[in-house]
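Asks: My structure is in entry.csv, and what it holds is CSV, C-alpha atoms:
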chain,number,residue,atom,x,y,z
A,1,GLU,CA,-90.1,-53.4,-69.2
A,2,PRO,CA,-91.8,-50.0,-69.0
A,3,GLU,CA,-89.9,-47.1,-70.6
A,4,VAL,CA,-90.2,-43.4,-71.3
A,5,THR,CA,-91.0,-42.7,-74.9
A,6,GLN,CA,-90.5,-39.4,-76.8
A,7,THR,CA,-91.8,-38.1,-80.1
A,8,PRO,CA,-90.7,-37.1,-82.5
A,9,SER,CA,-87.1,-38.5,-82.6
A,10,HIS,CA,-86.0,-35.5,-84.7
A,11,GLN,CA,-87.6,-32.2,-85.3
A,12,VAL,CA,-86.4,-29.5,-87.7
A,13,THR,CA,-87.9,-26.1,-87.5
A,14,GLN,CA,-87.4,-22.5,-88.6
A,15,MET,CA,-86.2,-19.9,-86.2
A,16,GLY,CA,-89.2,-18.2,-84.6
A,17,GLN,CA,-91.5,-21.1,-84.9
A,18,GLU,CA,-93.2,-22.9,-82.1
A,19,VAL,CA,-92.4,-26.5,-81.3
A,20,ILE,CA,-94.0,-29.1,-79.0
A,21,LEU,CA,-91.9,-32.0,-77.8
A,22,ARG,CA,-93.9,-34.9,-76.5
A,23,CYS,CA,-93.1,-37.5,-73.8
A,24,VAL,CA,-95.0,-40.4,-72.3
A,25,PRO,CA,-93.5,-41.1,-68.9
A,26,ILE,CA,-93.7,-44.5,-67.1
A,27,SER,CA,-97.2,-45.0,-66.1
A,28,ASN,CA,-96.9,-45.2,-62.3
A,29,HIS,CA,-94.4,-42.3,-62.0
A,30,LEU,CA,-95.4,-39.1,-60.4
A,31,TYR,CA,-92.4,-36.8,-61.2
A,32,PHE,CA,-91.5,-35.6,-64.6
A,33,TYR,CA,-88.5,-33.7,-65.9
A,34,TRP,CA,-87.1,-32.1,-69.1
A,35,TYR,CA,-83.4,-31.8,-69.8
A,36,ARG,CA,-81.4,-30.6,-72.7
A,37,GLN,CA,-78.0,-31.5,-74.1
A,38,ILE,CA,-76.3,-29.3,-76.6
A,39,LEU,CA,-74.0,-31.4,-78.8
A,40,GLY,CA,-70.8,-32.2,-77.0
A,41,GLN,CA,-71.9,-30.5,-73.8
A,42,LYS,CA,-73.3,-31.4,-70.4
A,43,VAL,CA,-76.8,-32.4,-69.7
A,44,GLU,CA,-78.7,-29.4,-68.4
A,45,PHE,CA,-81.7,-29.4,-66.2
A,46,LEU,CA,-84.7,-27.5,-67.5
A,47,VAL,CA,-87.7,-28.2,-65.3
A,48,SER,CA,-89.3,-30.6,-62.9
A,49,PHE,CA,-93.1,-31.2,-62.7
A,50,TYR,CA,-95.2,-32.8,-60.0
A,51,ASN,CA,-98.9,-32.8,-59.2
A,52,ASN,CA,-99.7,-30.7,-62.3
A,53,GLU,CA,-97.4,-27.9,-61.5
A,54,ILE,CA,-93.8,-26.9,-61.9
A,55,SER,CA,-91.8,-27.8,-58.8
A,56,GLU,CA,-88.4,-26.4,-60.0
A,57,LYS,CA,-87.0,-24.7,-63.0
A,58,SER,CA,-83.6,-23.6,-64.1
A,59,GLU,CA,-82.4,-20.3,-65.4
A,60,ILE,CA,-82.6,-21.7,-68.9
A,61,PHE,CA,-86.4,-22.3,-68.6
A,62,ASP,CA,-87.5,-18.8,-69.4
A,63,ASP,CA,-90.8,-17.4,-70.6
A,64,GLN,CA,-90.4,-19.0,-74.0
A,65,PHE,CA,-90.7,-22.5,-72.5
A,66,SER,CA,-93.7,-24.1,-71.0
A,67,VAL,CA,-94.7,-27.6,-69.9
A,68,GLU,CA,-98.0,-29.3,-69.7
A,69,ARG,CA,-99.6,-32.6,-68.8
A,70,PRO,CA,-102.6,-32.4,-71.1
A,71,ASP,CA,-103.9,-35.8,-70.2
A,72,GLY,CA,-103.1,-38.8,-68.0
A,73,SER,CA,-100.2,-40.0,-70.1
A,74,ASN,CA,-98.5,-37.2,-72.0
A,75,PHE,CA,-96.0,-34.6,-70.8
A,76,THR,CA,-95.1,-31.9,-73.2
A,77,LEU,CA,-92.5,-29.2,-73.6
A,78,LYS,CA,-93.4,-26.2,-75.7
A,79,ILE,CA,-90.9,-23.7,-77.0
A,80,ARG,CA,-92.8,-20.7,-78.2
A,81,SER,CA,-90.4,-18.9,-80.5
A,82,THR,CA,-87.4,-21.1,-81.3
A,83,LYS,CA,-83.9,-19.6,-81.5
A,84,LEU,CA,-80.8,-21.1,-83.2
A,85,GLU,CA,-79.3,-21.8,-79.7
A,86,ASP,CA,-82.3,-24.0,-78.8
A,87,SER,CA,-80.8,-26.6,-81.1
A,88,ALA,CA,-80.1,-29.6,-78.8
A,89,MET,CA,-81.2,-33.0,-77.7
A,90,TYR,CA,-84.1,-32.8,-75.4
A,91,PHE,CA,-84.6,-35.6,-72.9
A,92,CYS,CA,-87.7,-36.3,-70.9
A,93,ALA,CA,-87.3,-38.3,-67.6
A,94,SER,CA,-89.6,-39.6,-65.0
A,95,SER,CA,-89.3,-41.0,-61.5
A,96,GLU,CA,-91.5,-42.7,-58.9
A,97,GLY,CA,-90.5,-40.4,-56.1
A,98,GLY,CA,-89.1,-36.9,-56.0
A,99,LEU,CA,-85.3,-36.4,-56.1
A,100,ALA,CA,-85.4,-34.2,-53.0
A,101,GLY,CA,-87.0,-37.1,-51.2
A,102,GLY,CA,-84.3,-39.7,-51.7
A,103,PRO,CA,-82.4,-41.8,-54.2
A,104,HIS,CA,-85.2,-42.4,-56.6
A,105,GLU,CA,-84.1,-43.6,-59.9
A,106,GLN,CA,-84.8,-41.4,-62.9
A,107,PHE,CA,-85.6,-43.1,-66.2
A,108,PHE,CA,-84.8,-41.2,-69.4
A,109,GLY,CA,-86.4,-41.3,-72.8
A,110,PRO,CA,-84.4,-41.6,-76.0
A,111,GLY,CA,-84.5,-37.9,-76.7
A,112,THR,CA,-85.8,-35.6,-79.4
A,113,ARG,CA,-83.1,-33.9,-81.5
A,114,LEU,CA,-84.3,-30.4,-82.2
A,115,THR,CA,-82.6,-28.5,-85.1
A,116,VAL,CA,-83.4,-24.8,-85.5
A,117,LEU,CA,-82.5,-23.4,-88.9
B,1,LYS,CA,-70.6,-23.1,-56.4
B,2,ASN,CA,-72.1,-26.6,-56.9
B,3,GLN,CA,-70.0,-28.5,-59.4
B,4,VAL,CA,-69.1,-32.0,-60.5
B,5,GLU,CA,-65.8,-32.6,-62.2
B,6,GLN,CA,-64.8,-35.8,-64.0
B,7,SER,CA,-61.5,-37.2,-65.1
B,8,PRO,CA,-60.2,-38.2,-67.5
B,9,GLN,CA,-62.2,-36.4,-70.3
B,10,SER,CA,-61.7,-39.4,-72.5
B,11,LEU,CA,-60.1,-42.9,-72.2
B,12,ILE,CA,-59.2,-45.6,-74.7
B,13,ILE,CA,-58.6,-49.1,-73.5
B,14,LEU,CA,-58.4,-52.6,-75.0
B,15,GLU,CA,-61.3,-55.0,-74.7
B,16,GLY,CA,-61.0,-57.1,-71.6
B,17,LYS,CA,-59.0,-54.6,-69.6
B,18,ASN,CA,-60.2,-52.8,-66.5
B,19,CYS,CA,-60.5,-49.1,-66.0
B,20,THR,CA,-61.5,-46.6,-63.3
B,21,LEU,CA,-63.2,-43.2,-63.9
B,22,GLN,CA,-63.0,-40.4,-61.3
B,23,CYS,CA,-65.5,-37.9,-60.1
B,24,ASN,CA,-65.0,-35.0,-57.6
B,25,TYR,CA,-67.9,-32.9,-56.5
B,26,THR,CA,-68.5,-29.7,-54.5
B,27,VAL,CA,-72.3,-30.0,-53.9
B,28,SER,CA,-74.1,-29.1,-50.8
B,29,PRO,CA,-76.3,-30.2,-49.3
B,30,PHE,CA,-75.5,-33.7,-50.6
B,31,SER,CA,-78.2,-36.3,-51.1
B,32,ASN,CA,-76.8,-39.0,-53.4
B,33,LEU,CA,-74.4,-39.6,-56.2
B,34,ARG,CA,-75.4,-41.3,-59.5
B,35,TRP,CA,-73.4,-42.8,-62.3
B,36,TYR,CA,-75.1,-42.9,-65.7
B,37,LYS,CA,-74.0,-44.5,-69.0
B,38,GLN,CA,-75.0,-42.6,-72.1
B,39,ASP,CA,-74.6,-44.1,-75.5
B,40,THR,CA,-74.1,-41.6,-78.4
B,41,GLY,CA,-77.4,-40.0,-79.3
B,42,ARG,CA,-79.3,-41.8,-76.5
B,43,GLY,CA,-80.7,-41.0,-73.1
B,44,PRO,CA,-78.7,-41.6,-70.0
B,45,VAL,CA,-79.2,-45.0,-68.3
B,46,SER,CA,-78.7,-45.3,-64.5
B,47,LEU,CA,-75.9,-47.6,-63.3
B,48,THR,CA,-75.8,-46.9,-59.6
B,49,ILE,CA,-77.2,-44.5,-57.0
B,50,MET,CA,-75.3,-44.1,-53.7
B,51,THR,CA,-76.3,-42.3,-50.6
B,52,PHE,CA,-74.1,-40.6,-48.0
B,53,SER,CA,-73.7,-43.8,-46.0
B,54,GLU,CA,-72.8,-46.1,-48.9
B,55,ASN,CA,-69.2,-46.7,-49.7
B,56,THR,CA,-69.5,-49.2,-52.5
B,57,LYS,CA,-72.2,-50.3,-54.9
B,58,SER,CA,-72.0,-52.8,-57.7
B,59,ASN,CA,-74.0,-53.4,-60.8
B,60,GLY,CA,-72.6,-56.4,-62.7
B,61,ARG,CA,-69.2,-55.4,-64.0
B,62,TYR,CA,-69.6,-51.8,-62.7
B,63,THR,CA,-68.5,-50.9,-59.2
B,64,ALA,CA,-68.9,-47.4,-57.8
B,65,THR,CA,-67.2,-46.1,-54.7
B,66,LEU,CA,-68.0,-43.0,-52.7
B,67,ASP,CA,-66.0,-41.2,-50.2
B,68,ALA,CA,-68.3,-38.5,-48.8
B,69,ASP,CA,-65.5,-37.0,-46.6
B,70,THR,CA,-63.3,-36.2,-49.6
B,71,LYS,CA,-66.2,-35.8,-51.9
B,72,GLN,CA,-64.9,-38.2,-54.4
B,73,SER,CA,-66.4,-41.1,-56.3
B,74,SER,CA,-65.0,-43.6,-58.8
B,75,LEU,CA,-66.5,-46.0,-61.3
B,76,HIS,CA,-64.6,-49.2,-61.9
B,77,ILE,CA,-65.3,-51.3,-65.0
B,78,THR,CA,-64.1,-54.8,-65.0
B,79,ALA,CA,-63.3,-56.9,-68.0
B,80,SER,CA,-64.4,-54.3,-70.5
B,81,GLN,CA,-66.5,-55.1,-73.5
B,82,LEU,CA,-67.0,-53.3,-76.8
B,83,SER,CA,-70.5,-52.4,-75.7
B,84,ASP,CA,-69.1,-50.4,-72.8
B,85,SER,CA,-68.0,-47.7,-75.2
B,86,ALA,CA,-70.1,-44.8,-74.1
B,87,SER,CA,-69.9,-41.6,-72.0
B,88,TYR,CA,-70.1,-42.2,-68.2
B,89,ILE,CA,-71.6,-39.3,-66.3
B,90,CYS,CA,-71.3,-38.6,-62.6
B,91,VAL,CA,-74.4,-36.8,-61.2
B,92,VAL,CA,-75.0,-35.4,-57.7
B,93,SER,CA,-78.4,-34.9,-56.3
B,94,MET,CA,-78.9,-32.1,-53.8
B,95,ASP,CA,-80.9,-32.6,-50.6
B,96,SER,CA,-82.8,-29.4,-51.0
B,97,ASN,CA,-84.4,-29.5,-54.4
B,98,TYR,CA,-85.2,-31.5,-57.5
B,99,GLN,CA,-82.1,-30.6,-59.4
B,100,LEU,CA,-79.3,-32.9,-60.4
B,101,ILE,CA,-75.8,-31.5,-60.8
B,102,TRP,CA,-74.3,-33.1,-63.9
B,103,GLY,CA,-70.6,-33.7,-64.7
B,104,ALA,CA,-69.3,-33.4,-68.3
B,105,GLY,CA,-68.7,-37.1,-68.5
B,106,THR,CA,-65.8,-39.4,-69.5
B,107,LYS,CA,-65.9,-40.7,-73.0
B,108,LEU,CA,-64.8,-44.3,-72.9
B,109,ILE,CA,-63.7,-46.1,-76.1
B,110,ILE,CA,-63.1,-49.9,-76.0
B,111,LYS,CA,-60.9,-51.1,-78.8
B,112,PRO,CA,-60.9,-54.8,-79.9
For this file, write the structure as structure tokens.
Replies:
Amino acid sequence: EPEVTQTPSHQVTQMGQEVILRCVPISNHLYFYWYRQILGQKVEFLVSFYNNEISEKSEIFDDQFSVERPDGSNFTLKIRSTKLEDSAMYFCASSEGGLAGGPHEQFFGPGTRLTVL
Amino acid sequence: KNQVEQSPQSLIILEGKNCTLQCNYTVSPFSNLRWYKQDTGRGPVSLTIMTFSENTKSNGRYTATLDADTKQSSLHITASQLSDSASYICVVSMDSNYQLIWGAGTKLIIKP
């Protein structure tokens, strides 16, 4: 069964460093998303991506964040200068159709746990 | 303000028992409501997706209900198993954008 994969599973970095989180969405999906979940808190939407551009982003997704689909399979989230408060689990998700277009199921990856020291 | 509230925050039941989790939402414009299961340290897994016109949807031992008039939903788990121990999250999709409004989840613990 196809699944969303994410690497690495755990990333430890120093404050101020850049990190890139990688995701491989399900191959025939067209919509891609990043979420984060701080330990013990709600899942928070970061950004959605379609047709090689950002379709929606939340207030959390400020200038230190960027997303890219560098090739036909990978979808990346870059955090330019990490802060302590960026420590969280980051989930990538993909869907065949856009959420605004109907009840399309989102499939989530296993997550990358980011720890900023 | 668009919000999703879930109750209870946590619940402990014995294996084999049934339970019902609640979700109230104030999201507009409403598109659909989703229930996810999230094991600790893992990504959410979709259980059901219900649109405005659907009142009940089942997925094995999981049955979700939706009352779009009162803006309430419930998730009923029948004959619970130890593997049902997880957080169950209610999520509402808005009709106007790509965002999902997430609840805080109910942490369910099944004891043998």
Asks: Tell me, counting only C-alpha atoms, for each residue of chain A within 8 Å of chain B, which pair of atoms is nearest and how far apart they are in Å to one decimal, in rows ordered by chain and increasing number, as CSV.
Replies:
residue,atom,partner,partner_atom,distance
A:Gln41,CA,B:Ala104,CA,6.7
A:Lys42,CA,B:Ala104,CA,4.9
A:Val43,CA,B:Trp102,CA,6.4
A:Glu44,CA,B:Trp102,CA,7.3
A:Phe45,CA,B:Gln99,CA,6.9
A:Ser48,CA,B:Tyr98,CA,6.8
A:Ser55,CA,B:Tyr98,CA,7.7
A:Glu56,CA,B:Tyr98,CA,6.5
A:Phe91,CA,B:Gly43,CA,6.7
A:Gly98,CA,B:Tyr98,CA,6.8
A:Leu99,CA,B:Tyr98,CA,5.1
A:Ala100,CA,B:Asn97,CA,5.0
A:Gly101,CA,B:Asp95,CA,7.6
A:Gly102,CA,B:Ser31,CA,7.0
A:Pro103,CA,B:Asn32,CA,6.3
A:Glu105,CA,B:Ser46,CA,7.3
A:Gln106,CA,B:Ser46,CA,7.4
A:Phe107,CA,B:Val45,CA,7.0
A:Phe108,CA,B:Gly43,CA,5.5
A:Gly109,CA,B:Gly43,CA,5.7
A:Pro110,CA,B:Gly43,CA,4.7
A:Gly111,CA,B:Gly43,CA,6.1
Asks: Rounded to one decimal place, report the CA of Pro25 (chain A)-CA of Thr40 (chain B) distance in Å.
Replies: 21.6 Å
Asks: Might you pull out every residue within 6 Å of Leu66 (chain B), with only C-alpha atoms counted and same-chain residues fewer than 4 positions away left off, and present them as a VMD selection string?
Replies: chain B and resid 55 72 to 73
Asks: Neighbouring residues of Pro2 (chain A) were defined as those with any atom within 8 Å, considering all atoms listed in the file; residues of the same chain fewer than 2 positions away were excluded. Please report them as a PyMOL selection string.
Replies: chain A and resi 4+26-27
Asks: Report, in Å to a single decimal, how far apart CA of Asn59 (chain B) and CA of Gly16 (chain B) are.
Replies: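 Here the two named atoms are 17.3 Å from each other.
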Asks: Measuring between all atoms listed in the file, which one of B:Thr106, B:Gln6, B:Thr63, B:Thr26 shows the shortest distance to His76 (chain B)?
Replies: B:Thr63
Asks: Could you list as an MDAnalysis selection string every residue that has an atom within 12 Å of (-58.3, -52.4, -70.9), using the file's coordinates and counting all atoms listed in the file?
Replies: chainID B and resid 11:20 76:82 84:85 108:112
Asks: I'd like to know which of A:Trp34, A:Ser94, A:Pro8, A:Leu117 is closest to Ser66 (chain A), using only C-alpha atoms.
Replies: A:Trp34
Asks: From the options B:Ser74, B:Ser7, B:Ser53, B:Thr65, which residue's atoms come nearest to Phe30 (chain B), counting only C-alpha atoms?
Replies: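 With only C-alpha atoms as the atom set, the closest residue is B:Ser53.
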Asks: Mind checking which residues fall within 7 Å of Gln64 (chain A), counting all atoms listed in the file, ignoring those fewer than 5 positions away in the same chain, and posting them as a PyMOL selection string?
Replies: chain A and resi 79-81
Asks: Mind giving me the straight-line distance from CA of Thr13 (chain A) to CA of Pro70 (chain A) in Å, one decimal?
Replies: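 Distance reported for this atom pair: 22.9 Å.
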Asks: Which of these, B:Lys71, B:Glu54, B:Lys37, B:Ala86, has the shortest distance to Gln3 (chain B) once you count all atoms listed in the file?
Replies: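 For Gln3 (chain B), the nearest of the candidates is B:Lys71.
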Asks: Would you pick out the contacts of Arg22 (chain A) at 12 Å or less, using all atoms listed in the file, so that residues sharing its chain but fewer than 5 positions from it are not included, and give the list as an NGL selection string?
Replies: :A and (4-11 or 33-34 or 67-71 or 73-79 or 90-93 or 109-113)
Asks: Between B:Ser83, B:Gln38, B:Leu75, B:Asp69, which one has atoms that come closest to Gln37 (chain A), using only C-alpha atoms?
Replies: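 Ranked by minimum distance to Gln37 (chain A), first place goes to B:Gln38.
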